[in-house]
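Enquirer: Sharing run.txt, compact mmCIF, N, CA and C atoms:
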```txt
# COMPACT_ATOMS: atom_id res chain seq x y z
N MET U 1 24.88 -39.29 -70.24
CA MET U 1 25.14 -38.47 -71.39
C MET U 1 24.37 -38.98 -72.61
N ILE U 2 24.20 -40.28 -72.69
CA ILE U 2 23.47 -40.85 -73.82
C ILE U 2 22.00 -40.44 -73.76
N ARG U 3 21.45 -40.35 -72.57
CA ARG U 3 20.05 -39.95 -72.42
C ARG U 3 19.84 -38.52 -72.90
N PHE U 4 20.80 -37.65 -72.61
CA PHE U 4 20.69 -36.27 -73.06
C PHE U 4 20.74 -36.20 -74.59
N GLY U 5 21.61 -36.97 -75.19
CA GLY U 5 21.70 -37.01 -76.65
C GLY U 5 20.42 -37.54 -77.28
N LEU U 6 19.83 -38.55 -76.67
CA LEU U 6 18.57 -39.09 -77.18
C LEU U 6 17.44 -38.07 -77.03
N LEU U 7 17.40 -37.40 -75.90
CA LEU U 7 16.38 -36.38 -75.68
C LEU U 7 16.54 -35.23 -76.68
N PHE U 8 17.78 -34.80 -76.91
CA PHE U 8 18.06 -33.73 -77.87
C PHE U 8 17.63 -34.15 -79.28
N THR U 9 17.91 -35.38 -79.65
CA THR U 9 17.52 -35.90 -80.96
C THR U 9 16.00 -35.94 -81.11
N LEU U 10 15.30 -36.37 -80.07
CA LEU U 10 13.83 -36.41 -80.12
C LEU U 10 13.25 -35.00 -80.24
N VAL U 11 13.82 -34.04 -79.54
CA VAL U 11 13.33 -32.66 -79.63
C VAL U 11 13.52 -32.12 -81.04
N ILE U 12 14.66 -32.40 -81.65
CA ILE U 12 14.92 -31.94 -83.02
C ILE U 12 13.94 -32.58 -84.00
N ILE U 13 13.66 -33.87 -83.83
CA ILE U 13 12.73 -34.56 -84.74
C ILE U 13 11.32 -34.01 -84.58
N VAL U 14 10.89 -33.79 -83.34
CA VAL U 14 9.54 -33.25 -83.11
C VAL U 14 9.43 -31.83 -83.69
N LEU U 15 10.44 -31.01 -83.48
CA LEU U 15 10.44 -29.66 -84.03
C LEU U 15 10.41 -29.69 -85.55
N TRP U 16 11.17 -30.60 -86.14
CA TRP U 16 11.22 -30.74 -87.60
C TRP U 16 9.86 -31.15 -88.16
N ILE U 17 9.23 -32.15 -87.55
CA ILE U 17 7.91 -32.60 -88.02
C ILE U 17 6.88 -31.49 -87.87
N PHE U 18 6.91 -30.78 -86.74
CA PHE U 18 5.98 -29.67 -86.56
C PHE U 18 6.18 -28.60 -87.63
N ALA U 19 7.45 -28.26 -87.90
CA ALA U 19 7.74 -27.23 -88.89
C ALA U 19 7.31 -27.66 -90.29
N ILE U 20 7.45 -28.94 -90.61
CA ILE U 20 7.01 -29.44 -91.91
C ILE U 20 5.50 -29.24 -92.06
N PHE U 21 4.74 -29.73 -91.10
CA PHE U 21 3.28 -29.59 -91.18
C PHE U 21 2.84 -28.13 -91.13
N ASP U 22 3.49 -27.34 -90.30
CA ASP U 22 3.12 -25.94 -90.16
C ASP U 22 3.41 -25.17 -91.45
N SER U 23 4.55 -25.44 -92.07
CA SER U 23 4.88 -24.72 -93.31
C SER U 23 3.99 -25.17 -94.47
N ILE U 24 3.61 -26.41 -94.50
CA ILE U 24 2.74 -26.91 -95.58
C ILE U 24 1.32 -26.38 -95.44
N THR U 25 0.81 -26.33 -94.23
CA THR U 25 -0.59 -25.97 -94.02
C THR U 25 -0.83 -24.49 -93.76
N SER U 26 0.23 -23.69 -93.66
CA SER U 26 0.02 -22.26 -93.41
C SER U 26 -0.55 -21.58 -94.65
N ASP U 27 -1.20 -20.45 -94.43
CA ASP U 27 -1.81 -19.68 -95.51
C ASP U 27 -0.71 -19.06 -96.37
N THR U 28 -0.77 -19.30 -97.66
CA THR U 28 0.26 -18.83 -98.59
C THR U 28 0.42 -17.31 -98.54
N ALA U 29 -0.65 -16.58 -98.39
CA ALA U 29 -0.60 -15.12 -98.40
C ALA U 29 0.05 -14.56 -97.14
N LYS U 30 0.10 -15.33 -96.06
CA LYS U 30 0.62 -14.82 -94.80
C LYS U 30 2.05 -15.24 -94.50
N VAL U 31 2.62 -16.12 -95.33
CA VAL U 31 4.00 -16.55 -95.12
C VAL U 31 4.94 -15.38 -95.38
N ARG U 32 5.95 -15.22 -94.52
CA ARG U 32 6.83 -14.06 -94.59
C ARG U 32 8.16 -14.38 -95.29
N ASN U 33 8.76 -13.35 -95.85
CA ASN U 33 10.12 -13.30 -96.39
C ASN U 33 10.38 -14.13 -97.64
N LEU U 34 9.93 -15.32 -97.77
CA LEU U 34 10.10 -16.15 -98.96
C LEU U 34 8.76 -16.74 -99.36
N GLN U 35 8.71 -17.30 -100.55
CA GLN U 35 7.47 -17.96 -100.97
C GLN U 35 7.32 -19.28 -100.21
N LYS U 36 6.08 -19.71 -100.05
CA LYS U 36 5.78 -20.90 -99.28
C LYS U 36 6.51 -22.15 -99.79
N PRO U 37 6.54 -22.43 -101.10
CA PRO U 37 7.26 -23.64 -101.55
C PRO U 37 8.75 -23.62 -101.19
N LEU U 38 9.36 -22.43 -101.19
CA LEU U 38 10.77 -22.35 -100.79
C LEU U 38 10.95 -22.66 -99.31
N TRP U 39 10.02 -22.19 -98.48
CA TRP U 39 10.10 -22.50 -97.05
C TRP U 39 9.94 -24.00 -96.81
N VAL U 40 9.04 -24.62 -97.54
CA VAL U 40 8.84 -26.07 -97.36
C VAL U 40 10.14 -26.81 -97.73
N ILE U 41 10.78 -26.41 -98.81
CA ILE U 41 12.03 -27.05 -99.23
C ILE U 41 13.13 -26.81 -98.18
N ILE U 42 13.22 -25.59 -97.68
CA ILE U 42 14.23 -25.28 -96.65
C ILE U 42 14.01 -26.13 -95.41
N VAL U 43 12.77 -26.23 -94.97
CA VAL U 43 12.48 -27.01 -93.77
C VAL U 43 12.78 -28.49 -94.01
N LEU U 44 12.42 -29.00 -95.17
CA LEU U 44 12.69 -30.41 -95.46
C LEU U 44 14.18 -30.71 -95.56
N LEU U 45 14.93 -29.85 -96.23
CA LEU U 45 16.35 -30.12 -96.45
C LEU U 45 17.21 -29.83 -95.22
N PHE U 46 16.95 -28.71 -94.55
CA PHE U 46 17.81 -28.29 -93.45
C PHE U 46 17.22 -28.57 -92.07
N GLY U 47 16.07 -29.18 -92.01
CA GLY U 47 15.46 -29.50 -90.72
C GLY U 47 16.27 -30.45 -89.87
N PRO U 48 16.75 -31.56 -90.45
CA PRO U 48 17.49 -32.51 -89.62
C PRO U 48 18.86 -32.00 -89.16
N ILE U 49 19.41 -30.98 -89.81
CA ILE U 49 20.73 -30.47 -89.44
C ILE U 49 20.57 -29.49 -88.28
N LEU U 50 20.56 -30.01 -87.08
CA LEU U 50 20.38 -29.23 -85.85
C LEU U 50 19.15 -28.33 -85.90
N ALA U 51 18.14 -28.78 -86.60
CA ALA U 51 16.86 -28.08 -86.70
C ALA U 51 17.01 -26.68 -87.28
N SER U 52 18.03 -26.45 -88.08
CA SER U 52 18.26 -25.10 -88.60
C SER U 52 17.15 -24.64 -89.53
N GLY U 53 16.63 -25.51 -90.39
CA GLY U 53 15.52 -25.13 -91.26
C GLY U 53 14.25 -24.88 -90.47
N SER U 54 14.02 -25.69 -89.44
CA SER U 54 12.83 -25.52 -88.60
C SER U 54 12.89 -24.22 -87.81
N ILE U 55 14.05 -23.93 -87.27
CA ILE U 55 14.21 -22.69 -86.50
C ILE U 55 14.07 -21.47 -87.41
N ALA U 56 14.65 -21.56 -88.61
CA ALA U 56 14.51 -20.45 -89.56
C ALA U 56 13.04 -20.22 -89.91
N TRP U 57 12.28 -21.30 -90.11
CA TRP U 57 10.85 -21.18 -90.39
C TRP U 57 10.13 -20.50 -89.23
N MET U 58 10.43 -20.92 -88.01
CA MET U 58 9.74 -20.36 -86.85
C MET U 58 10.05 -18.87 -86.68
N ILE U 59 11.27 -18.46 -86.98
CA ILE U 59 11.67 -17.06 -86.76
C ILE U 59 11.28 -16.16 -87.93
N TRP U 60 11.60 -16.59 -89.17
CA TRP U 60 11.47 -15.69 -90.31
C TRP U 60 10.34 -16.01 -91.27
N GLY U 61 9.77 -17.19 -91.24
CA GLY U 61 8.79 -17.54 -92.26
C GLY U 61 7.38 -17.71 -91.77
N ARG U 62 7.22 -18.12 -90.54
CA ARG U 62 5.90 -18.42 -90.00
C ARG U 62 5.04 -17.17 -89.95
N PRO U 63 3.76 -17.29 -90.32
CA PRO U 63 2.86 -16.12 -90.24
C PRO U 63 2.81 -15.56 -88.82
N ARG U 64 2.78 -14.25 -88.75
CA ARG U 64 2.72 -13.60 -87.44
C ARG U 64 1.37 -13.81 -86.80
N VAL U 65 1.38 -13.85 -85.48
CA VAL U 65 0.16 -14.00 -84.71
C VAL U 65 -0.36 -12.62 -84.36
N SER U 66 -1.63 -12.36 -84.66
CA SER U 66 -2.22 -11.08 -84.29
C SER U 66 -2.44 -11.06 -82.78
N PRO U 67 -2.40 -9.89 -82.13
CA PRO U 67 -2.51 -9.82 -80.68
C PRO U 67 -3.77 -10.47 -80.13
N GLY U 68 -4.88 -10.37 -80.80
CA GLY U 68 -6.11 -10.97 -80.31
C GLY U 68 -6.41 -12.30 -80.96
N GLY U 69 -5.54 -12.78 -81.82
CA GLY U 69 -5.82 -13.97 -82.62
C GLY U 69 -5.71 -15.26 -81.85
N GLY U 70 -4.57 -15.54 -81.28
CA GLY U 70 -4.40 -16.78 -80.54
C GLY U 70 -3.91 -17.90 -81.41
N GLY U 71 -2.62 -18.14 -81.44
CA GLY U 71 -2.07 -19.26 -82.19
C GLY U 71 -1.53 -18.84 -83.52
N GLY U 72 -0.92 -19.78 -84.20
CA GLY U 72 -0.35 -19.50 -85.47
C GLY U 72 -0.41 -20.65 -86.39
N GLY U 73 -0.10 -20.33 -87.68
CA GLY U 73 -0.07 -21.40 -88.63
C GLY U 73 -1.39 -22.08 -88.78
N SER U 74 -1.41 -23.42 -88.89
CA SER U 74 -2.62 -24.18 -89.10
C SER U 74 -3.34 -24.47 -87.80
N TRP U 75 -2.76 -24.13 -86.69
CA TRP U 75 -3.32 -24.50 -85.41
C TRP U 75 -4.01 -23.31 -84.77
N GLY U 76 -4.80 -22.55 -85.55
CA GLY U 76 -5.56 -21.45 -85.01
C GLY U 76 -4.92 -20.10 -85.22
N GLY U 77 -3.89 -20.02 -86.00
CA GLY U 77 -3.16 -18.77 -86.14
C GLY U 77 -3.70 -17.84 -87.16
N GLY U 78 -4.39 -18.07 -88.03
CA GLY U 78 -4.73 -17.12 -89.05
C GLY U 78 -5.75 -16.13 -88.64
N GLY U 79 -5.93 -15.81 -87.40
CA GLY U 79 -6.87 -14.78 -87.01
C GLY U 79 -7.65 -15.15 -85.78
N SER U 80 -8.97 -15.15 -85.91
CA SER U 80 -9.80 -15.29 -84.72
C SER U 80 -10.42 -16.67 -84.57
N GLY U 81 -10.06 -17.62 -85.39
CA GLY U 81 -10.58 -18.97 -85.23
C GLY U 81 -12.03 -19.10 -85.61
N GLY U 82 -12.50 -18.31 -86.57
CA GLY U 82 -13.88 -18.42 -87.01
C GLY U 82 -14.84 -17.52 -86.27
N ARG U 83 -14.36 -16.84 -85.25
CA ARG U 83 -15.24 -15.93 -84.51
C ARG U 83 -15.36 -14.62 -85.28
N PRO U 84 -16.50 -13.95 -85.18
CA PRO U 84 -16.63 -12.67 -85.86
C PRO U 84 -15.70 -11.64 -85.21
N THR U 85 -15.08 -10.80 -86.03
CA THR U 85 -14.15 -9.81 -85.49
C THR U 85 -14.53 -8.39 -85.84
N GLY U 86 -15.63 -8.19 -86.48
CA GLY U 86 -16.04 -6.85 -86.86
C GLY U 86 -16.53 -6.06 -85.66
N PRO U 87 -16.90 -4.78 -85.87
CA PRO U 87 -17.35 -3.94 -84.77
C PRO U 87 -18.61 -4.47 -84.10
N SER U 88 -19.45 -5.21 -84.85
CA SER U 88 -20.70 -5.68 -84.27
C SER U 88 -20.49 -6.85 -83.32
N SER U 89 -19.29 -7.46 -83.30
CA SER U 89 -19.08 -8.61 -82.44
C SER U 89 -18.60 -8.21 -81.04
N PHE U 90 -18.40 -6.93 -80.81
CA PHE U 90 -17.96 -6.47 -79.51
C PHE U 90 -19.03 -5.58 -78.89
N GLY U 91 -19.20 -5.74 -77.61
CA GLY U 91 -20.19 -4.95 -76.89
C GLY U 91 -19.68 -3.55 -76.62
N PRO U 92 -20.48 -2.72 -75.92
CA PRO U 92 -20.10 -1.34 -75.67
C PRO U 92 -18.86 -1.20 -74.78
N ARG U 93 -18.56 -2.20 -73.96
CA ARG U 93 -17.39 -2.11 -73.09
C ARG U 93 -16.22 -2.94 -73.60
N GLY U 94 -16.28 -3.40 -74.82
CA GLY U 94 -15.17 -4.15 -75.40
C GLY U 94 -15.32 -5.65 -75.25
N GLY U 95 -16.31 -6.12 -74.48
CA GLY U 95 -16.51 -7.56 -74.31
C GLY U 95 -17.24 -8.16 -75.50
N ARG U 96 -17.14 -9.44 -75.67
CA ARG U 96 -17.80 -10.10 -76.79
C ARG U 96 -19.31 -10.19 -76.55
N THR U 97 -20.06 -10.02 -77.62
CA THR U 97 -21.50 -10.21 -77.58
C THR U 97 -21.82 -11.48 -78.34
N ARG U 98 -23.06 -11.88 -78.32
CA ARG U 98 -23.46 -13.08 -79.06
C ARG U 98 -23.36 -12.82 -80.55
N SER U 99 -22.91 -13.83 -81.28
CA SER U 99 -22.82 -13.68 -82.73
C SER U 99 -24.22 -13.81 -83.34
N ARG U 100 -24.33 -13.42 -84.59
CA ARG U 100 -25.62 -13.48 -85.28
C ARG U 100 -26.05 -14.91 -85.45
N PRO U 101 -27.35 -15.17 -85.54
CA PRO U 101 -27.85 -16.53 -85.75
C PRO U 101 -27.33 -17.11 -87.06
N VAL U 102 -27.16 -18.41 -87.10
CA VAL U 102 -26.59 -19.05 -88.26
C VAL U 102 -27.68 -19.53 -89.22
N ALA U 103 -28.66 -20.22 -88.72
CA ALA U 103 -29.71 -20.77 -89.58
C ALA U 103 -30.74 -19.70 -89.91
N PRO U 104 -31.32 -19.72 -91.13
CA PRO U 104 -32.32 -18.71 -91.50
C PRO U 104 -33.55 -18.71 -90.60
N ASP U 105 -33.96 -19.88 -90.14
CA ASP U 105 -35.17 -19.91 -89.31
C ASP U 105 -34.88 -19.41 -87.89
N ASP U 106 -33.63 -19.18 -87.53
CA ASP U 106 -33.29 -18.59 -86.24
C ASP U 106 -33.02 -17.09 -86.34
N ASP U 107 -33.01 -16.56 -87.55
CA ASP U 107 -32.72 -15.16 -87.76
C ASP U 107 -34.00 -14.34 -87.72
N PRO U 108 -34.17 -13.45 -86.73
CA PRO U 108 -35.39 -12.67 -86.62
C PRO U 108 -35.63 -11.76 -87.84
N ASP U 109 -34.54 -11.21 -88.42
CA ASP U 109 -34.69 -10.35 -89.59
C ASP U 109 -35.25 -11.14 -90.78
N PHE U 110 -34.79 -12.35 -90.97
CA PHE U 110 -35.28 -13.19 -92.06
C PHE U 110 -36.73 -13.57 -91.84
N LEU U 111 -37.09 -13.91 -90.60
CA LEU U 111 -38.47 -14.31 -90.30
C LEU U 111 -39.44 -13.16 -90.50
N ARG U 112 -39.01 -11.91 -90.25
CA ARG U 112 -39.90 -10.77 -90.46
C ARG U 112 -40.21 -10.57 -91.92
N THR U 113 -39.31 -10.96 -92.83
CA THR U 113 -39.56 -10.78 -94.26
C THR U 113 -40.53 -11.81 -94.84
N LEU U 114 -40.85 -12.85 -94.10
CA LEU U 114 -41.76 -13.87 -94.62
C LEU U 114 -43.21 -13.46 -94.55
```
Just dump the structure as structure tokens.
Expert:
Amino acid sequence: MIRFGLLFTLVIIVLWIFAIFDSITSDTAKVRNLQKPLWVIIVLLFGPILASGSIAWMIWGRPRVSPGGGGGGSWGGGGSGGRPTGPSSFGPRGGRTRSRPVAPDDDPDFLRTL
């Protein structure tokens, strides 16, 4: 029984630490229901009490994950992870195509103007 209590305590602590970092590093504009500073205070104050602040953050405050986004919060949740998402980034059958060149000397359009 003591092992179960220790395991439960460790799970609550890990969830609390994750919720603290996730609420602090999430995009302010995407946080739901309350302002970001209020969520951080709720998670800090009520996190250790059976993870109630952490669970509330996960359910009601955490930014929603878009269907094609993959992840949430600071760990890849704010969209596509830096990949282009406009119409030009998808091929004719919906698959991804190569993104545009990054460096000017690799861009054919830029080289034609020289």
Enquirer: Set the distance at 6.5 Å and use all atoms listed in the file: which residues neighbour stretch 29-34 of chain U once local chain neighbours fewer than 3 positions away are removed? I'd like the list as a PyMOL selection string.
Expert: chain U and resi 26+37-39+60-64
Enquirer: What is the distance between atom N of U:Ile42 and atom CA of U:Val14, in Å to one decimal?
Expert: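 Separation of atom N of U:Ile42 and atom CA of U:Val14: 16.9 Å.
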Enquirer: Hey, can you check how far atom N of U:Leu7 sits from atom CA of U:Val40?
Expert: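 Separation between atom N of U:Leu7 and atom CA of U:Val40: 25.7 Å.
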Enquirer: To one decimal place, how far is atom CA of U:Ala56 from atom CA of U:Thr25 in Å?
Expert: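 A separation of 16.7 Å between them.
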Enquirer: Quick one: which stretch 29-57 of chain U residues come within 8 Å of stretch 18-23 of chain U, and what is the nearest atom pair for each with the distance in Å to one decimal, counting only C-alpha atoms, rows ordered by chain and ascending number, as JSON lines?
Expert:
```
{"residue": "U:Lys36", "atom": "CA", "partner": "U:Ser23", "partner_atom": "CA", "distance": 7.1}
{"residue": "U:Trp39", "atom": "CA", "partner": "U:Ser23", "partner_atom": "CA", "distance": 6.8}
{"residue": "U:Val40", "atom": "CA", "partner": "U:Ser23", "partner_atom": "CA", "distance": 5.8}
{"residue": "U:Val43", "atom": "CA", "partner": "U:Ile20", "partner_atom": "CA", "distance": 6.3}
{"residue": "U:Leu44", "atom": "CA", "partner": "U:Ile20", "partner_atom": "CA", "distance": 6.8}
{"residue": "U:Ser54", "atom": "CA", "partner": "U:Ala19", "partner_atom": "CA", "distance": 5.4}
{"residue": "U:Trp57", "atom": "CA", "partner": "U:Ala19", "partner_atom": "CA", "distance": 7.0}
```
Enquirer: Just N, CA and C atoms for this one: save the residues we selected as a short mmCIF file (atom, residue, chain, number, x, y, z; two decimals), in the frame of the given file.
Expert:
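Writing done, so here's result.cif:
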```cif
data_model
loop_
_atom_site.label_atom_id
_atom_site.label_comp_id
_atom_site.auth_asym_id
_atom_site.auth_seq_id
_atom_site.Cartn_x
_atom_site.Cartn_y
_atom_site.Cartn_z
N LYS U 36 6.08 -19.71 -100.05
CA LYS U 36 5.78 -20.90 -99.28
C LYS U 36 6.51 -22.15 -99.79
N TRP U 39 10.02 -22.19 -98.48
CA TRP U 39 10.10 -22.50 -97.05
C TRP U 39 9.94 -24.00 -96.81
N VAL U 40 9.04 -24.62 -97.54
CA VAL U 40 8.84 -26.07 -97.36
C VAL U 40 10.14 -26.81 -97.73
N VAL U 43 12.77 -26.23 -94.97
CA VAL U 43 12.48 -27.01 -93.77
C VAL U 43 12.78 -28.49 -94.01
N LEU U 44 12.42 -29.00 -95.17
CA LEU U 44 12.69 -30.41 -95.46
C LEU U 44 14.18 -30.71 -95.56
N SER U 54 14.02 -25.69 -89.44
CA SER U 54 12.83 -25.52 -88.60
C SER U 54 12.89 -24.22 -87.81
N TRP U 57 12.28 -21.30 -90.11
CA TRP U 57 10.85 -21.18 -90.39
C TRP U 57 10.13 -20.50 -89.23
#
```
